[in-house]
file input.pdb (PDB, C-alpha atoms, pLDDT in the B column)
ATOM      1  CA  MET A   1     -59.142  -9.339 -34.744  1.00 50.00           C
ATOM      2  CA  GLU A   2     -57.276  -6.405 -36.257  1.00 48.00           C
ATOM      3  CA  LYS A   3     -58.669  -4.036 -33.634  1.00 49.00           C
ATOM      4  CA  GLY A   4     -57.600  -6.445 -30.876  1.00 51.00           C
ATOM      5  CA  SER A   5     -54.080  -6.714 -32.245  1.00 52.00           C
ATOM      6  CA  GLU A   6     -53.808  -2.934 -32.583  1.00 50.00           C
ATOM      7  CA  LYS A   7     -54.994  -2.522 -29.007  1.00 49.00           C
ATOM      8  CA  SER A   8     -52.452  -5.081 -27.688  1.00 52.00           C
ATOM      9  CA  ASN A   9     -49.652  -3.395 -29.651  1.00 53.00           C
ATOM     10  CA  GLY A  10     -50.645  -0.068 -28.135  1.00 51.00           C
ATOM     11  CA  VAL A  11     -50.535  -1.538 -24.622  1.00 49.00           C
ATOM     12  CA  VAL A  12     -47.080  -3.013 -25.252  1.00 48.00           C
ATOM     13  CA  ALA A  13     -45.807   0.280 -26.666  1.00 49.00           C
ATOM     14  CA  ALA A  14     -47.210   2.183 -23.696  1.00 49.00           C
ATOM     15  CA  ALA A  15     -45.575  -0.234 -21.257  1.00 48.00           C
ATOM     16  CA  ALA A  16     -42.259   0.075 -23.053  1.00 48.00           C
ATOM     17  CA  THR A  17     -42.563   3.859 -22.926  1.00 49.00           C
ATOM     18  CA  ALA A  18     -43.351   3.707 -19.204  1.00 47.00           C
ATOM     19  CA  ARG A  19     -40.314   1.520 -18.527  1.00 51.00           C
ATOM     20  CA  SER A  20     -37.885   3.511 -20.643  1.00 52.00           C
ATOM     21  CA  PRO A  21     -37.123   6.237 -18.034  1.00 52.00           C
ATOM     22  CA  MET A  22     -36.215   3.576 -15.450  1.00 51.00           C
ATOM     23  CA  ALA A  23     -34.041   1.829 -18.002  1.00 48.00           C
ATOM     24  CA  LEU A  24     -32.315   5.101 -18.778  1.00 46.00           C
ATOM     25  CA  MET A  25     -31.763   5.774 -15.075  1.00 48.00           C
ATOM     26  CA  GLY A  26     -30.352   2.286 -14.601  1.00 49.00           C
ATOM     27  CA  SER A  27     -27.977   2.632 -17.514  1.00 50.00           C
ATOM     28  CA  SER A  28     -26.827   6.068 -16.337  1.00 49.00           C
ATOM     29  CA  ARG A  29     -26.280   4.709 -12.824  1.00 52.00           C
ATOM     30  CA  ASN A  30     -24.195   1.846 -14.186  1.00 54.00           C
ATOM     31  CA  GLY A  31     -22.222   4.298 -16.299  1.00 51.00           C
ATOM     32  CA  ASN A  32     -21.522   6.468 -13.252  1.00 57.00           C
ATOM     33  CA  GLU A  33     -20.433   3.443 -11.230  1.00 54.00           C
ATOM     34  CA  GLU A  34     -18.062   2.353 -13.976  1.00 62.00           C
ATOM     35  CA  GLU A  35     -16.625   5.864 -14.179  1.00 64.00           C
ATOM     36  CA  VAL A  36     -16.096   5.965 -10.398  1.00 55.00           C
ATOM     37  CA  ASN A  37     -14.457   2.527 -10.422  1.00 65.00           C
ATOM     38  CA  THR A  38     -12.171   3.592 -13.261  1.00 75.00           C
ATOM     39  CA  SER A  39     -11.167   6.752 -11.405  1.00 76.00           C
ATOM     40  CA  MET A  40     -10.481   4.819  -8.196  1.00 77.00           C
ATOM     41  CA  ARG A  41      -8.477   2.220 -10.089  1.00 77.00           C
ATOM     42  CA  THR A  42      -6.388   4.934 -11.743  1.00 84.00           C
ATOM     43  CA  ALA A  43      -5.791   6.684  -8.407  1.00 85.00           C
ATOM     44  CA  GLU A  44      -4.695   3.459  -6.709  1.00 85.00           C
ATOM     45  CA  THR A  45      -2.388   2.618  -9.606  1.00 88.00           C
ATOM     46  CA  MET A  46      -0.673   5.998  -9.338  1.00 90.00           C
ATOM     47  CA  LEU A  47      -0.500   5.652  -5.564  1.00 90.00           C
ATOM     48  CA  ARG A  48       1.349   2.375  -5.990  1.00 91.00           C
ATOM     49  CA  LEU A  49       3.685   3.670  -8.698  1.00 93.00           C
ATOM     50  CA  VAL A  50       4.972   6.594  -6.615  1.00 94.00           C
ATOM     51  CA  PRO A  51       6.632   4.354  -3.956  1.00 93.00           C
ATOM     52  CA  MET A  52       8.339   2.472  -6.778  1.00 94.00           C
ATOM     53  CA  ALA A  53       9.963   5.683  -8.040  1.00 95.00           C
ATOM     54  CA  LEU A  54      10.903   6.726  -4.510  1.00 95.00           C
ATOM     55  CA  GLY A  55      12.353   3.316  -3.697  1.00 94.00           C
ATOM     56  CA  VAL A  56      14.474   3.308  -6.830  1.00 96.00           C
ATOM     57  CA  ALA A  57      15.691   6.841  -6.042  1.00 96.00           C
ATOM     58  CA  ALA A  58      16.646   5.939  -2.461  1.00 96.00           C
ATOM     59  CA  LEU A  59      18.333   2.754  -3.685  1.00 94.00           C
ATOM     60  CA  VAL A  60      20.401   4.534  -6.359  1.00 95.00           C
ATOM     61  CA  VAL A  61      21.523   7.294  -3.986  1.00 95.00           C
ATOM     62  CA  MET A  62      22.683   4.760  -1.426  1.00 95.00           C
ATOM     63  CA  LEU A  63      24.407   2.549  -4.005  1.00 94.00           C
ATOM     64  CA  LYS A  64      26.492   5.526  -5.121  1.00 92.00           C
ATOM     65  CA  ASP A  65      27.325   6.528  -1.558  1.00 90.00           C
ATOM     66  CA  SER A  66      31.060   6.161  -1.029  1.00 88.00           C
ATOM     67  CA  GLN A  67      33.874   8.529  -0.187  1.00 87.00           C
ATOM     68  CA  SER A  68      37.660   8.402   0.012  1.00 86.00           C
ATOM     69  CA  ASN A  69      40.010  11.017   1.469  1.00 84.00           C
ATOM     70  CA  GLU A  70      43.119  11.319   3.632  1.00 81.00           C
ATOM     71  CA  PHE A  71      41.245   9.781   6.552  1.00 81.00           C
ATOM     72  CA  GLY A  72      40.414   6.603   4.635  1.00 82.00           C
ATOM     73  CA  SER A  73      37.500   5.333   2.611  1.00 86.00           C
ATOM     74  CA  VAL A  74      33.934   4.395   3.473  1.00 88.00           C
ATOM     75  CA  SER A  75      31.074   2.896   1.491  1.00 90.00           C
ATOM     76  CA  TYR A  76      27.466   1.965   2.172  1.00 90.00           C
ATOM     77  CA  SER A  77      28.422  -1.708   1.941  1.00 90.00           C
ATOM     78  CA  ASP A  78      30.555  -1.309   5.074  1.00 89.00           C
ATOM     79  CA  LEU A  79      27.412  -0.872   7.173  1.00 90.00           C
ATOM     80  CA  GLY A  80      24.791  -3.580   7.524  1.00 91.00           C
ATOM     81  CA  ALA A  81      21.975  -1.069   8.116  1.00 92.00           C
ATOM     82  CA  PHE A  82      22.622   0.625   4.784  1.00 94.00           C
ATOM     83  CA  ARG A  83      22.774  -2.717   2.971  1.00 94.00           C
ATOM     84  CA  TYR A  84      19.427  -3.570   4.540  1.00 96.00           C
ATOM     85  CA  LEU A  85      18.075  -0.213   3.319  1.00 96.00           C
ATOM     86  CA  VAL A  86      19.159  -0.989  -0.245  1.00 96.00           C
ATOM     87  CA  HIS A  87      17.579  -4.445  -0.200  1.00 96.00           C
ATOM     88  CA  ALA A  88      14.349  -3.202   1.389  1.00 96.00           C
ATOM     89  CA  ASN A  89      13.960  -0.405  -1.155  1.00 96.00           C
ATOM     90  CA  GLY A  90      14.605  -2.852  -3.997  1.00 96.00           C
ATOM     91  CA  ILE A  91      11.974  -5.277  -2.719  1.00 96.00           C
ATOM     92  CA  CYS A  92       9.429  -2.519  -2.170  1.00 95.00           C
ATOM     93  CA  ALA A  93      10.064  -1.033  -5.609  1.00 95.00           C
ATOM     94  CA  GLY A  94       9.504  -4.408  -7.269  1.00 95.00           C
ATOM     95  CA  TYR A  95       6.340  -5.044  -5.269  1.00 95.00           C
ATOM     96  CA  SER A  96       5.026  -1.550  -6.033  1.00 94.00           C
ATOM     97  CA  LEU A  97       5.433  -2.114  -9.761  1.00 94.00           C
ATOM     98  CA  LEU A  98       3.782  -5.539  -9.662  1.00 94.00           C
ATOM     99  CA  SER A  99       0.889  -4.383  -7.482  1.00 92.00           C
ATOM    100  CA  ALA A 100       0.346  -1.318  -9.691  1.00 91.00           C
ATOM    101  CA  VAL A 101       0.051  -3.539 -12.766  1.00 91.00           C
ATOM    102  CA  ILE A 102      -2.465  -5.783 -10.997  1.00 89.00           C
ATOM    103  CA  ALA A 103      -4.441  -2.818  -9.636  1.00 85.00           C
ATOM    104  CA  ALA A 104      -4.658  -1.305 -13.134  1.00 85.00           C
ATOM    105  CA  MET A 105      -6.385  -4.398 -14.516  1.00 84.00           C
ATOM    106  CA  PRO A 106     -10.177  -3.907 -14.808  1.00 76.00           C
ATOM    107  CA  ARG A 107     -11.125  -6.944 -12.775  1.00 73.00           C
ATOM    108  CA  PRO A 108     -13.702  -7.216  -9.979  1.00 70.00           C
ATOM    109  CA  SER A 109     -12.271  -7.254  -6.487  1.00 70.00           C
ATOM    110  CA  THR A 110     -12.408 -10.701  -4.900  1.00 78.00           C
ATOM    111  CA  MET A 111     -11.731 -11.761  -1.323  1.00 81.00           C
ATOM    112  CA  PRO A 112      -8.413 -13.579  -2.073  1.00 82.00           C
ATOM    113  CA  ARG A 113      -7.165 -10.552  -4.004  1.00 84.00           C
ATOM    114  CA  ALA A 114      -8.220  -8.149  -1.238  1.00 84.00           C
ATOM    115  CA  TRP A 115      -6.572 -10.293   1.456  1.00 87.00           C
ATOM    116  CA  THR A 116      -3.374 -10.594  -0.613  1.00 89.00           C
ATOM    117  CA  PHE A 117      -3.100  -6.834  -1.056  1.00 89.00           C
ATOM    118  CA  PHE A 118      -3.855  -6.262   2.623  1.00 90.00           C
ATOM    119  CA  LEU A 119      -1.223  -8.701   3.927  1.00 93.00           C
ATOM    120  CA  LEU A 120       1.506  -7.687   1.483  1.00 93.00           C
ATOM    121  CA  ASP A 121       0.909  -3.978   2.062  1.00 94.00           C
ATOM    122  CA  GLN A 122       1.245  -4.533   5.815  1.00 94.00           C
ATOM    123  CA  ILE A 123       4.420  -6.622   5.477  1.00 95.00           C
ATOM    124  CA  LEU A 124       6.115  -4.203   3.091  1.00 95.00           C
ATOM    125  CA  THR A 125       5.195  -1.236   5.297  1.00 95.00           C
ATOM    126  CA  TYR A 126       6.939  -2.751   8.311  1.00 95.00           C
ATOM    127  CA  LEU A 127       9.872  -3.865   6.163  1.00 96.00           C
ATOM    128  CA  ILE A 128      10.616  -0.399   4.786  1.00 96.00           C
ATOM    129  CA  LEU A 129       9.880   1.251   8.141  1.00 96.00           C
ATOM    130  CA  GLY A 130      12.417  -1.003   9.846  1.00 96.00           C
ATOM    131  CA  ALA A 131      15.054  -0.188   7.224  1.00 95.00           C
ATOM    132  CA  ALA A 132      14.501   3.555   7.646  1.00 96.00           C
ATOM    133  CA  ALA A 133      14.569   3.357  11.440  1.00 96.00           C
ATOM    134  CA  VAL A 134      17.793   1.325  11.626  1.00 95.00           C
ATOM    135  CA  SER A 135      19.536   3.572   9.109  1.00 94.00           C
ATOM    136  CA  THR A 136      18.460   6.633  11.080  1.00 94.00           C
ATOM    137  CA  GLU A 137      20.092   5.234  14.197  1.00 91.00           C
ATOM    138  CA  VAL A 138      23.350   4.630  12.321  1.00 90.00           C
ATOM    139  CA  LEU A 139      23.262   8.168  10.930  1.00 91.00           C
ATOM    140  CA  TYR A 140      22.698   9.572  14.407  1.00 89.00           C
ATOM    141  CA  LEU A 141      25.755   7.738  15.718  1.00 87.00           C
ATOM    142  CA  ALA A 142      27.776   8.866  12.709  1.00 85.00           C
ATOM    143  CA  ASN A 143      26.844  12.498  13.391  1.00 81.00           C
ATOM    144  CA  LYS A 144      26.969  12.527  17.193  1.00 81.00           C
ATOM    145  CA  GLY A 145      29.209   9.601  18.072  1.00 68.00           C
ATOM    146  CA  ASP A 146      28.970   7.660  21.325  1.00 63.00           C
ATOM    147  CA  SER A 147      31.334   8.631  24.116  1.00 61.00           C
ATOM    148  CA  ALA A 148      30.404   5.568  26.178  1.00 60.00           C
ATOM    149  CA  ILE A 149      32.075   3.266  23.658  1.00 54.00           C
ATOM    150  CA  THR A 150      34.585   5.868  22.436  1.00 48.00           C
ATOM    151  CA  TRP A 151      32.888   5.991  19.037  1.00 60.00           C
ATOM    152  CA  SER A 152      33.789   9.325  17.494  1.00 63.00           C
ATOM    153  CA  ALA A 153      31.573  11.196  15.050  1.00 73.00           C
ATOM    154  CA  ALA A 154      32.505  10.120  11.535  1.00 79.00           C
ATOM    155  CA  CYS A 155      30.500  12.698   9.583  1.00 84.00           C
ATOM    156  CA  GLY A 156      33.084  15.379  10.393  1.00 80.00           C
ATOM    157  CA  SER A 157      35.580  13.492   8.240  1.00 83.00           C
ATOM    158  CA  PHE A 158      33.126  12.016   5.704  1.00 85.00           C
ATOM    159  CA  ALA A 159      30.548  14.769   5.270  1.00 87.00           C
ATOM    160  CA  GLY A 160      29.700  13.853   1.668  1.00 89.00           C
ATOM    161  CA  PHE A 161      29.030  10.252   2.622  1.00 89.00           C
ATOM    162  CA  CYS A 162      26.706  11.302   5.442  1.00 90.00           C
ATOM    163  CA  HIS A 163      24.822  13.774   3.259  1.00 93.00           C
ATOM    164  CA  LYS A 164      24.024  11.134   0.627  1.00 93.00           C
ATOM    165  CA  ALA A 165      23.024   8.617   3.284  1.00 93.00           C
ATOM    166  CA  THR A 166      20.737  11.191   4.897  1.00 94.00           C
ATOM    167  CA  THR A 167      19.105  11.922   1.536  1.00 95.00           C
ATOM    168  CA  SER A 168      18.464   8.224   0.960  1.00 95.00           C
ATOM    169  CA  VAL A 169      16.947   7.813   4.423  1.00 96.00           C
ATOM    170  CA  ILE A 170      14.656  10.830   3.972  1.00 96.00           C
ATOM    171  CA  ILE A 171      13.391   9.445   0.661  1.00 96.00           C
ATOM    172  CA  THR A 172      12.814   6.105   2.386  1.00 96.00           C
ATOM    173  CA  PHE A 173      10.697   7.763   5.084  1.00 96.00           C
ATOM    174  CA  VAL A 174       8.573   9.394   2.350  1.00 96.00           C
ATOM    175  CA  THR A 175       8.134   5.905   0.895  1.00 95.00           C
ATOM    176  CA  VAL A 176       6.976   4.743   4.322  1.00 96.00           C
ATOM    177  CA  LEU A 177       4.244   7.393   4.315  1.00 95.00           C
ATOM    178  CA  PHE A 178       2.950   6.167   0.965  1.00 94.00           C
ATOM    179  CA  TYR A 179       2.921   2.587   2.206  1.00 95.00           C
ATOM    180  CA  VAL A 180       0.971   3.634   5.289  1.00 94.00           C
ATOM    181  CA  VAL A 181      -1.659   5.173   3.006  1.00 93.00           C
ATOM    182  CA  LEU A 182      -1.712   2.020   0.866  1.00 92.00           C
ATOM    183  CA  SER A 183      -2.179  -0.099   3.981  1.00 91.00           C
ATOM    184  CA  LEU A 184      -5.143   2.023   5.016  1.00 91.00           C
ATOM    185  CA  VAL A 185      -6.668   1.786   1.535  1.00 89.00           C
ATOM    186  CA  SER A 186      -6.307  -1.990   1.336  1.00 89.00           C
ATOM    187  CA  SER A 187      -7.641  -2.364   4.905  1.00 88.00           C
ATOM    188  CA  TYR A 188     -10.682  -0.230   4.115  1.00 84.00           C
ATOM    189  CA  ARG A 189     -11.393  -2.117   0.899  1.00 82.00           C
ATOM    190  CA  LEU A 190     -11.114  -5.494   2.613  1.00 83.00           C
ATOM    191  CA  PHE A 191     -13.104  -4.882   5.780  1.00 83.00           C
ATOM    192  CA  THR A 192     -15.886  -2.843   4.178  1.00 78.00           C
ATOM    193  CA  LYS A 193     -16.631  -5.151   1.239  1.00 71.00           C
ATOM    194  CA  PHE A 194     -16.048  -8.598   2.695  1.00 59.00           C
ATOM    195  CA  ASP A 195     -16.998 -10.386   5.880  1.00 56.00           C
ATOM    196  CA  ALA A 196     -14.570 -12.093   8.190  1.00 52.00           C
ATOM    197  CA  PRO A 197     -13.235 -15.418   6.825  1.00 52.00           C
ATOM    198  CA  VAL A 198     -14.646 -17.315   9.814  1.00 53.00           C
ATOM    199  CA  ASN A 199     -18.272 -17.055  10.846  1.00 51.00           C
ATOM    200  CA  TYR A 200     -18.768 -17.239  14.560  1.00 46.00           C
ATOM    201  CA  THR A 201     -22.104 -18.605  15.684  1.00 47.00           C
ATOM    202  CA  SER A 202     -23.623 -17.017  18.709  1.00 45.00           C
ATOM    203  CA  LYS A 203     -23.878 -19.286  21.699  1.00 45.00           C
ATOM    204  CA  THR A 204     -26.284 -18.869  24.549  1.00 44.00           C
ATOM    205  CA  ILE A 205     -25.001 -19.427  28.033  1.00 43.00           C
ATOM    206  CA  GLU A 206     -27.468 -20.998  30.356  1.00 46.00           C
ATOM    207  CA  THR A 207     -27.306 -19.850  33.943  1.00 46.00           C
ATOM    208  CA  THR A 208     -28.858 -21.611  36.871  1.00 46.00           C
ATOM    209  CA  VAL A 209     -30.657 -19.455  39.394  1.00 47.00           C
ATOM    210  CA  PHE A 210     -30.477 -20.758  42.887  1.00 47.00           C
ATOM    211  CA  HIS A 211     -33.327 -19.770  45.113  1.00 49.00           C
ATOM    212  CA  GLY A 212     -32.690 -19.567  48.786  1.00 45.00           C
TER     213      GLY A 212
END
call {"tool": "encode", "arguments": {"input": "input.pdb", "output": "structure tokens"}}
result
Amino acid sequence: MEKGSEKSNGVVAAAATARSPMALMGSSRNGNEEEVNTSMRTAETMLRLVPMALGVAALVVMLKDSQSNEFGSVSYSDLGAFRYLVHANGICAGYSLLSAVIAAMPRPSTMPRAWTFFLLDQILTYLILGAAAVSTEVLYLANKGDSAITWSAACGSFAGFCHKATTSVIITFVTVLFYVVLSLVSSYRLFTKFDAPVNYTSKTIETTVFHG
């Protein structure tokens, strides 16, 4: 009986020794995956925090944009496009902060979360792009004027105002670039990890062959 028990213990020990390299490989693979996920999560968090800083910078520059001289006074609030730029940058900055906090949380990616990021990233990208485009048009008219409607160039008289507005618009366009990258990242994550929300069943179409 003792010899049998010793033999069985030896078999168990040998099996455990044979399985140990695979177990070590599995644990190392899991450790590498966790390290990669942590690195990707950190990179996405930073990528979402940068637009927040840019949006706040563009917002502050535009809020302080006003000028008074012998020709009169002008402020960003006098132009609807610049007010839209301020609001859009504020919304994007708040969303960037919130999404960065959520992205930093070590939680597994689910389909609702992936779809939420995808849709919001797309919406915010078009929102900030529209604000930058409209403000650029206003700046162009302020610099060049429009002879067809006898609109003279205002930047000759309010150069400081135009310079600050141009700075804010440039920062906003940089924010747009970051949001484009975020949209690509969220699109890739969604459409590579999850299937479409609706499964389409293949249908066969029967055709009738008419013989002459």
call {"tool": "residues_around", "arguments": {"input": "input.pdb", "residues": "region 174-191 of chain A", "least_positions_apart": "4", "cutoff": "8 Å", "atoms": "only C-alpha atoms", "output": "ChimeraX atom specification"}}
result
/A:47-48,50-51,54-55,111,114-115,117-118,121-122,124-125,128-129,170,195-196
call {"tool": "resolve_selection", "arguments": {"input": "input.pdb", "expression": "the PyMOL selection byres ((chain A and resi 75) around 9)", "output": "ChimeraX atom specification"}}
result
/A:63-68,73-74,76-79,161
call {"tool": "atom_distance", "arguments": {"input": "input.pdb", "atom1": "CA of Glu44 (chain A)", "atom2": "CA of Ala58 (chain A)"}}
result
21.9 Å
call {"tool": "closest_residue", "arguments": {"input": "input.pdb", "among": "A:Val169, A:Met105, A:Ala133, A:Val138", "to": "Val86 (chain A)", "atoms": "only C-alpha atoms"}}
result
A:Val169
call {"tool": "atom_distance", "arguments": {"input": "input.pdb", "atom1": "CA of Ala103 (chain A)", "atom2": "CA of Arg41 (chain A)"}}
result
6.5 Å
call {"tool": "closest_residue", "arguments": {"input": "input.pdb", "among": "A:Leu139, A:Ala43, A:Ala154, A:Leu98", "to": "Phe82 (chain A)", "atoms": "only C-alpha atoms"}}
result
A:Leu139
call {"tool": "atom_distance", "arguments": {"input": "input.pdb", "atom1": "CA of Thr42 (chain A)", "atom2": "CA of Thr116 (chain A)"}}
result
19.3 Å
call {"tool": "closest_residue", "arguments": {"input": "input.pdb", "among": "A:Lys193, A:Ala88, A:Leu127, A:Val61", "to": "Gly160 (chain A)", "atoms": "all atoms listed in the file"}}
result
A:Val61
call {"tool": "closest_residue", "arguments": {"input": "input.pdb", "among": "A:Tyr84, A:Tyr95, A:Phe158, A:Phe71", "to": "Ser135 (chain A)", "atoms": "only C-alpha atoms"}}
result
A:Tyr84
